[in-house]
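*Asks:* File follows, model.pdb with PDB, C-alpha atoms, pLDDT in the B column:
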```
MODEL        1
ATOM      1  CA  MET O   1      30.425   1.466   0.617  1.00 85.00           C
ATOM      2  CA  ILE O   2      27.104   1.405  -1.218  1.00 91.00           C
ATOM      3  CA  VAL O   3      24.766  -1.235   0.237  1.00 94.00           C
ATOM      4  CA  SER O   4      21.462  -0.254  -1.374  1.00 95.00           C
ATOM      5  CA  LEU O   5      19.891   1.735  -4.173  1.00 96.00           C
ATOM      6  CA  THR O   6      16.391   3.231  -3.954  1.00 95.00           C
ATOM      7  CA  CYS O   7      14.446   4.600  -6.904  1.00 96.00           C
ATOM      8  CA  ASP O   8      10.890   5.072  -8.077  1.00 93.00           C
ATOM      9  CA  GLY O   9       9.278   2.626 -10.489  1.00 90.00           C
ATOM     10  CA  ALA O  10       9.911   4.612 -13.678  1.00 93.00           C
ATOM     11  CA  PRO O  11      10.583   2.324 -16.671  1.00 94.00           C
ATOM     12  CA  ALA O  12      14.095   3.757 -17.059  1.00 97.00           C
ATOM     13  CA  ASN O  13      14.907   2.887 -13.433  1.00 97.00           C
ATOM     14  CA  ILE O  14      13.501  -0.644 -13.742  1.00 95.00           C
ATOM     15  CA  ALA O  15      15.528  -1.127 -16.945  1.00 96.00           C
ATOM     16  CA  MET O  16      18.668   0.119 -15.151  1.00 97.00           C
ATOM     17  CA  LEU O  17      18.108  -2.299 -12.236  1.00 97.00           C
ATOM     18  CA  GLN O  18      17.577  -5.181 -14.670  1.00 96.00           C
ATOM     19  CA  GLU O  19      20.747  -4.217 -16.532  1.00 96.00           C
ATOM     20  CA  LEU O  20      22.585  -4.341 -13.187  1.00 96.00           C
ATOM     21  CA  GLY O  21      21.262  -7.868 -12.529  1.00 96.00           C
ATOM     22  CA  CYS O  22      17.904  -7.534 -10.778  1.00 97.00           C
ATOM     23  CA  SER O  23      14.787  -9.346 -11.950  1.00 96.00           C
ATOM     24  CA  PHE O  24      11.233  -8.213 -11.200  1.00 90.00           C
ATOM     25  CA  SER O  25       9.298  -9.947 -13.993  1.00 90.00           C
ATOM     26  CA  ASP O  26       8.467 -13.184 -12.150  1.00 90.00           C
ATOM     27  CA  ALA O  27       7.204 -12.922  -8.565  1.00 87.00           C
ATOM     28  CA  THR O  28       8.367 -16.473  -7.794  1.00 92.00           C
ATOM     29  CA  HIS O  29      11.949 -15.715  -8.881  1.00 93.00           C
ATOM     30  CA  LEU O  30      12.581 -12.164  -7.716  1.00 94.00           C
ATOM     31  CA  ARG O  31      16.195 -11.047  -7.670  1.00 97.00           C
ATOM     32  CA  THR O  32      16.471  -7.787  -5.737  1.00 96.00           C
ATOM     33  CA  THR O  33      20.236  -7.538  -5.387  1.00 97.00           C
ATOM     34  CA  PHE O  34      23.066  -7.051  -7.818  1.00 97.00           C
ATOM     35  CA  PRO O  35      26.837  -7.255  -7.320  1.00 96.00           C
ATOM     36  CA  HIS O  36      28.671  -3.993  -6.642  1.00 96.00           C
ATOM     37  CA  PRO O  37      30.788  -3.359  -9.766  1.00 92.00           C
ATOM     38  CA  ALA O  38      34.014  -2.876  -7.769  1.00 93.00           C
ATOM     39  CA  THR O  39      33.673  -5.055  -4.663  1.00 95.00           C
ATOM     40  CA  LYS O  40      31.188  -7.687  -5.895  1.00 95.00           C
ATOM     41  CA  GLU O  41      29.340  -7.283  -2.567  1.00 96.00           C
ATOM     42  CA  PRO O  42      25.550  -7.455  -2.953  1.00 97.00           C
ATOM     43  CA  VAL O  43      23.736  -4.144  -3.379  1.00 98.00           C
ATOM     44  CA  ALA O  44      20.039  -4.258  -2.476  1.00 97.00           C
ATOM     45  CA  ALA O  45      17.616  -2.571  -4.869  1.00 97.00           C
ATOM     46  CA  PHE O  46      14.488  -0.968  -3.420  1.00 93.00           C
ATOM     47  CA  LEU O  47      11.562   0.684  -5.097  1.00 93.00           C
ATOM     48  CA  ASP O  48      10.714   3.765  -3.026  1.00 94.00           C
ATOM     49  CA  PRO O  49       8.020   2.629  -0.556  1.00 93.00           C
ATOM     50  CA  CYS O  50       6.278   6.012  -0.484  1.00 94.00           C
ATOM     51  CA  HIS O  51       6.061   6.161  -4.261  1.00 95.00           C
ATOM     52  CA  MET O  52       4.847   2.559  -4.469  1.00 95.00           C
ATOM     53  CA  LEU O  53       2.182   3.261  -1.820  1.00 96.00           C
ATOM     54  CA  LYS O  54       0.818   6.121  -3.921  1.00 96.00           C
ATOM     55  CA  LEU O  55       0.820   3.903  -7.018  1.00 95.00           C
ATOM     56  CA  VAL O  56      -1.098   1.148  -5.203  1.00 97.00           C
ATOM     57  CA  ARG O  57      -3.678   3.664  -3.976  1.00 98.00           C
ATOM     58  CA  ASN O  58      -3.924   5.296  -7.413  1.00 97.00           C
ATOM     59  CA  ALA O  59      -4.414   1.962  -9.187  1.00 97.00           C
ATOM     60  CA  PHE O  60      -6.939   0.756  -6.600  1.00 98.00           C
ATOM     61  CA  ALA O  61      -8.991   3.944  -6.841  1.00 98.00           C
ATOM     62  CA  THR O  62      -8.727   4.284 -10.622  1.00 98.00           C
ATOM     63  CA  LYS O  63      -9.486   0.653 -11.454  1.00 98.00           C
ATOM     64  CA  GLY O  64     -12.017   0.422  -8.633  1.00 98.00           C
ATOM     65  CA  ALA O  65     -11.111  -3.095  -7.538  1.00 98.00           C
ATOM     66  CA  TYR O  66      -8.436  -5.717  -6.975  1.00 97.00           C
ATOM     67  CA  LEU O  67      -9.052  -9.424  -7.295  1.00 95.00           C
ATOM     68  CA  ASP O  68      -7.353 -11.389  -4.511  1.00 91.00           C
ATOM     69  CA  LYS O  69      -5.834 -14.867  -4.832  1.00 91.00           C
ATOM     70  CA  ASN O  70      -9.214 -16.415  -3.930  1.00 93.00           C
ATOM     71  CA  GLU O  71     -10.930 -14.318  -6.626  1.00 94.00           C
ATOM     72  CA  LYS O  72     -12.644 -12.144  -4.029  1.00 96.00           C
ATOM     73  CA  ILE O  73     -13.049  -8.479  -4.922  1.00 98.00           C
ATOM     74  CA  ALA O  74     -11.456  -5.719  -2.857  1.00 98.00           C
ATOM     75  CA  ALA O  75     -13.494  -2.659  -3.862  1.00 98.00           C
ATOM     76  CA  TRP O  76     -12.576   1.040  -3.674  1.00 98.00           C
ATOM     77  CA  SER O  77     -16.325   1.675  -3.345  1.00 98.00           C
ATOM     78  CA  ASN O  78     -16.119   0.278   0.214  1.00 98.00           C
ATOM     79  CA  ILE O  79     -13.834   3.181   1.110  1.00 98.00           C
ATOM     80  CA  GLU O  80     -16.153   5.676  -0.585  1.00 98.00           C
ATOM     81  CA  GLN O  81     -19.147   4.203   1.264  1.00 98.00           C
ATOM     82  CA  LEU O  82     -17.309   4.440   4.582  1.00 98.00           C
ATOM     83  CA  HIS O  83     -16.500   8.079   3.863  1.00 98.00           C
ATOM     84  CA  GLU O  84     -20.144   8.815   2.971  1.00 98.00           C
ATOM     85  CA  LEU O  85     -21.379   7.094   6.138  1.00 97.00           C
ATOM     86  CA  GLN O  86     -18.939   8.983   8.347  1.00 97.00           C
ATOM     87  CA  GLU O  87     -19.825  12.318   6.728  1.00 96.00           C
ATOM     88  CA  LYS O  88     -23.561  11.628   7.039  1.00 96.00           C
ATOM     89  CA  GLU O  89     -23.310  10.611  10.687  1.00 94.00           C
ATOM     90  CA  GLY O  90     -20.781  13.304  11.571  1.00 92.00           C
ATOM     91  CA  LEU O  91     -18.614  10.691  13.300  1.00 91.00           C
ATOM     92  CA  HIS O  92     -15.446   8.878  12.331  1.00 88.00           C
ATOM     93  CA  PHE O  93     -14.561   5.319  13.325  1.00 88.00           C
ATOM     94  CA  ALA O  94     -11.128   6.291  14.718  1.00 92.00           C
ATOM     95  CA  ASN O  95      -9.674   6.902  11.262  1.00 96.00           C
ATOM     96  CA  LYS O  96      -8.567   9.958   9.329  1.00 96.00           C
ATOM     97  CA  LEU O  97     -10.667   9.302   6.222  1.00 97.00           C
ATOM     98  CA  ARG O  98     -11.894  12.600   4.779  1.00 97.00           C
ATOM     99  CA  THR O  99     -12.943  13.977   1.403  1.00 96.00           C
ATOM    100  CA  ALA O 100      -9.305  14.567   0.389  1.00 96.00           C
ATOM    101  CA  HIS O 101      -8.666  10.828   0.740  1.00 97.00           C
ATOM    102  CA  VAL O 102     -11.419   9.726  -1.645  1.00 97.00           C
ATOM    103  CA  GLN O 103     -10.904  12.675  -4.013  1.00 96.00           C
ATOM    104  CA  TRP O 104      -7.143  12.117  -4.044  1.00 96.00           C
ATOM    105  CA  GLN O 105      -6.742  13.232  -7.689  1.00 96.00           C
ATOM    106  CA  ARG O 106      -6.456  16.830  -6.497  1.00 94.00           C
ATOM    107  CA  GLN O 107      -3.338  15.937  -4.481  1.00 95.00           C
ATOM    108  CA  PRO O 108      -1.940  12.738  -6.037  1.00 93.00           C
ATOM    109  CA  MET O 109       1.572  13.237  -4.634  1.00 94.00           C
ATOM    110  CA  LYS O 110       0.539  13.442  -0.958  1.00 96.00           C
ATOM    111  CA  VAL O 111       1.967  10.320   0.660  1.00 96.00           C
ATOM    112  CA  ARG O 112       0.032  11.108   3.834  1.00 97.00           C
ATOM    113  CA  LEU O 113      -3.306  10.755   2.010  1.00 98.00           C
ATOM    114  CA  ALA O 114      -2.308   7.420   0.489  1.00 98.00           C
ATOM    115  CA  ALA O 115      -1.016   6.082   3.819  1.00 97.00           C
ATOM    116  CA  GLN O 116      -4.104   7.170   5.739  1.00 98.00           C
ATOM    117  CA  VAL O 117      -6.550   5.608   3.294  1.00 98.00           C
ATOM    118  CA  MET O 118      -4.574   2.348   2.880  1.00 98.00           C
ATOM    119  CA  SER O 119      -4.436   1.906   6.652  1.00 98.00           C
ATOM    120  CA  LEU O 120      -5.324  -0.464   9.436  1.00 98.00           C
ATOM    121  CA  SER O 121      -7.706   2.116  10.924  1.00 98.00           C
ATOM    122  CA  VAL O 122      -9.774   2.228   7.712  1.00 98.00           C
ATOM    123  CA  ALA O 123      -9.686  -1.590   7.505  1.00 98.00           C
ATOM    124  CA  THR O 124     -10.903  -1.795  11.116  1.00 98.00           C
ATOM    125  CA  ALA O 125     -13.709   0.696  10.432  1.00 98.00           C
ATOM    126  CA  LEU O 126     -14.823  -1.353   7.414  1.00 98.00           C
ATOM    127  CA  ALA O 127     -14.780  -4.524   9.523  1.00 98.00           C
ATOM    128  CA  GLU O 128     -16.897  -2.843  12.179  1.00 98.00           C
ATOM    129  CA  CYS O 129     -19.451  -1.756   9.567  1.00 98.00           C
ATOM    130  CA  ARG O 130     -19.516  -5.281   8.109  1.00 98.00           C
ATOM    131  CA  GLU O 131     -19.918  -6.887  11.530  1.00 98.00           C
ATOM    132  CA  LEU O 132     -22.777  -4.487  12.320  1.00 97.00           C
ATOM    133  CA  GLY O 133     -24.472  -5.692   9.125  1.00 98.00           C
ATOM    134  CA  LEU O 134     -24.595  -2.226   7.577  1.00 96.00           C
ATOM    135  CA  ALA O 135     -25.772  -2.160   3.967  1.00 92.00           C
ATOM    136  CA  GLY O 136     -22.927  -1.819   1.491  1.00 92.00           C
ATOM    137  CA  PHE O 137     -20.331  -3.423   3.743  1.00 98.00           C
ATOM    138  CA  ILE O 138     -21.408  -7.082   3.621  1.00 96.00           C
ATOM    139  CA  ASN O 139     -18.638  -7.952   1.136  1.00 97.00           C
ATOM    140  CA  SER O 140     -15.936  -5.627   2.498  1.00 98.00           C
ATOM    141  CA  LYS O 141     -13.671  -8.355   3.916  1.00 98.00           C
ATOM    142  CA  PRO O 142     -11.357  -8.523   0.848  1.00 98.00           C
ATOM    143  CA  THR O 143     -10.961  -4.723   1.018  1.00 99.00           C
ATOM    144  CA  GLU O 144     -10.142  -4.992   4.725  1.00 99.00           C
ATOM    145  CA  LYS O 145      -7.507  -7.633   3.946  1.00 98.00           C
ATOM    146  CA  LEU O 146      -5.955  -5.521   1.180  1.00 98.00           C
ATOM    147  CA  LEU O 147      -5.760  -2.428   3.394  1.00 99.00           C
ATOM    148  CA  THR O 148      -4.272  -4.470   6.255  1.00 98.00           C
ATOM    149  CA  LEU O 149      -1.674  -6.017   3.931  1.00 97.00           C
ATOM    150  CA  VAL O 150      -0.640  -2.645   2.476  1.00 98.00           C
ATOM    151  CA  ASN O 151      -0.543  -1.140   5.991  1.00 96.00           C
ATOM    152  CA  ASN O 152       1.687  -3.949   7.288  1.00 94.00           C
ATOM    153  CA  ILE O 153       4.046  -3.786   4.308  1.00 93.00           C
ATOM    154  CA  SER O 154       4.327  -0.017   4.779  1.00 92.00           C
ATOM    155  CA  ASP O 155       5.106  -0.505   8.468  1.00 90.00           C
ATOM    156  CA  VAL O 156       7.916  -2.954   7.690  1.00 87.00           C
ATOM    157  CA  LEU O 157       9.405  -0.758   4.963  1.00 85.00           C
ATOM    158  CA  ASN O 158       9.257   2.352   7.148  1.00 81.00           C
ATOM    159  CA  SER O 159      10.668   0.692  10.271  1.00 79.00           C
ATOM    160  CA  ARG O 160      13.693   2.293  11.852  1.00 74.00           C
ATOM    161  CA  SER O 161      14.411   0.425  15.058  1.00 72.00           C
ATOM    162  CA  MET O 162      14.785  -3.192  16.149  1.00 70.00           C
ATOM    163  CA  TYR O 163      12.982  -2.193  19.351  1.00 72.00           C
ATOM    164  CA  GLN O 164       9.672  -1.405  17.674  1.00 70.00           C
ATOM    165  CA  LYS O 165       6.782  -3.826  18.031  1.00 72.00           C
ATOM    166  CA  GLY O 166       4.832  -5.937  15.541  1.00 74.00           C
ATOM    167  CA  TRP O 167       4.994  -4.959  11.878  1.00 66.00           C
ATOM    168  CA  LYS O 168       6.888  -1.764  12.732  1.00 68.00           C
ATOM    169  CA  LYS O 169       9.939  -3.862  13.623  1.00 62.00           C
ATOM    170  CA  PRO O 170      12.349  -4.560  10.711  1.00 61.00           C
TER     171      PRO O 170
ENDMDL
END
```
Please lay out the structure from this file as structure tokens.
*Replies:*
Amino acid sequence: MIVSLTCDGAPANIAMLQELGCSFSDATHLRTTFPHPATKEPVAAFLDPCHMLKLVRNAFATKGAYLDKNEKIAAWSNIEQLHELQEKEGLHFANKLRTAHVQWQRQPMKVRLAAQVMSLSVATALAECRELGLAGFINSKPTEKLLTLVNNISDVLNSRSMYQKGWKKP
């Protein structure tokens, strides 16, 4: 029995899911299931988490900023500044942020690079820089929140066991 369908966010796939009965156009009225054509049991529709993670990273880096619900700016430049600081000092704040992460265009399909930049460890490093009062990080809190949110969503969507802890538990 088919219980779910996973696809990337290509327009043809979104159109197919809408034709099957899903609705993604209004965030307050999402419909992410459709009835199985034979059994009428619900079939859950998922957009591939790895692909969506890369798209979020790509949009964030390309546009340079996201505006949160409180109209605070999460800025890609915070990530670039953290990378520059870590390279200059020759130390890393317990994260994997390297040149490949900020120059992601050379390897846009690497999920690992997207996951490591949109991570709790990078958010924590930004928070540490902000709390230390380092120039360029004073307004990094919205970026920290965005990275934490994306990290937590990724953890939930990649969970495999009911015995995991925190956001890694389904």
*Asks:* For a quick check of understanding, using all atoms listed in the file, which of O:Val3, O:Ala65, O:Ala75, O:Val156 has the smallest distance to Glu41 in chain O?
*Replies:*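 Of O:Val3, O:Ala65, O:Ala75, O:Val156, the one nearest Glu41 in chain O is O:Val3, counting all atoms listed in the file.
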*Asks:* Could you list, as a list in words, every residue matched by the PyMOL selection byres ((chain O and resi 112) around 12) in this structure?
*Replies:*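 Residues picked by the PyMOL selection byres ((chain O and resi 112) around 12): Cys50, His51, Leu53, Lys54, Arg57, Lys96, Leu97, Ala100, His101, Trp104, Gln107, Pro108, Met109, Lys110, Val111, Leu113, Ala114, Ala115, Gln116, Val117, Met118, Ser119 and Ser154 of chain O.
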*Asks:* Please write as number ranges by chain the full residue list that the PyMOL selection byres ((chain O and resi 120-128) around 7) yields on this file.
*Replies:* O: 82, 93-95, 117, 119, 129-132, 137, 140-141, 144, 147-148, 151
*Asks:* Can you tell me how far CA of Ala74 in chain O sits from CA of Asn139 in chain O, in Å to one decimal?
*Replies:* 8.5 Å
*Asks:* With all atoms listed in the file as the atoms that count, which of O:Leu157, O:Met162, O:Ala61, O:Leu17 lies nearest to Ala44 in chain O?
*Replies:* O:Leu17
*Asks:* In terms of the shortest atom-to-atom distance over all atoms listed in the file, which of O:Pro49, O:Gly90, O:Glu80, O:Arg98 is closest to Thr143 in chain O?
*Replies:*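 Selected residue with least distance to Thr143 in chain O: O:Glu80.
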*Asks:* What is the distance between CA of Leu47 in chain O and CA of Gly21 in chain O, in Å to one decimal?
*Replies:*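 Computed distance, CA of Leu47 in chain O to CA of Gly21 in chain O, equals 14.9 Å.
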*Asks:* Counting only C-alpha atoms, which residue out of O:Asn78, O:Asn158, O:Gln103, O:Thr39 sits closest to Ile2 in chain O?
*Replies:*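 Under the stated criterion, the closest residue is O:Thr39.
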*Asks:* Residues proximal to (11.8, 0.7, -9.3) were defined as those with any atom within 10 Å of that point in the file's coordinates, counting all atoms listed in the file. Which are they, as number ranges by chain?
*Replies:* O: 5-18, 24, 45-49, 51-52
*Asks:* For CA of Val102 in chain O and CA of His83 in chain O, quote the distance in Å rounded to one decimal.
*Replies:*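 Between CA of Val102 in chain O and CA of His83 in chain O the gap is 7.7 Å.
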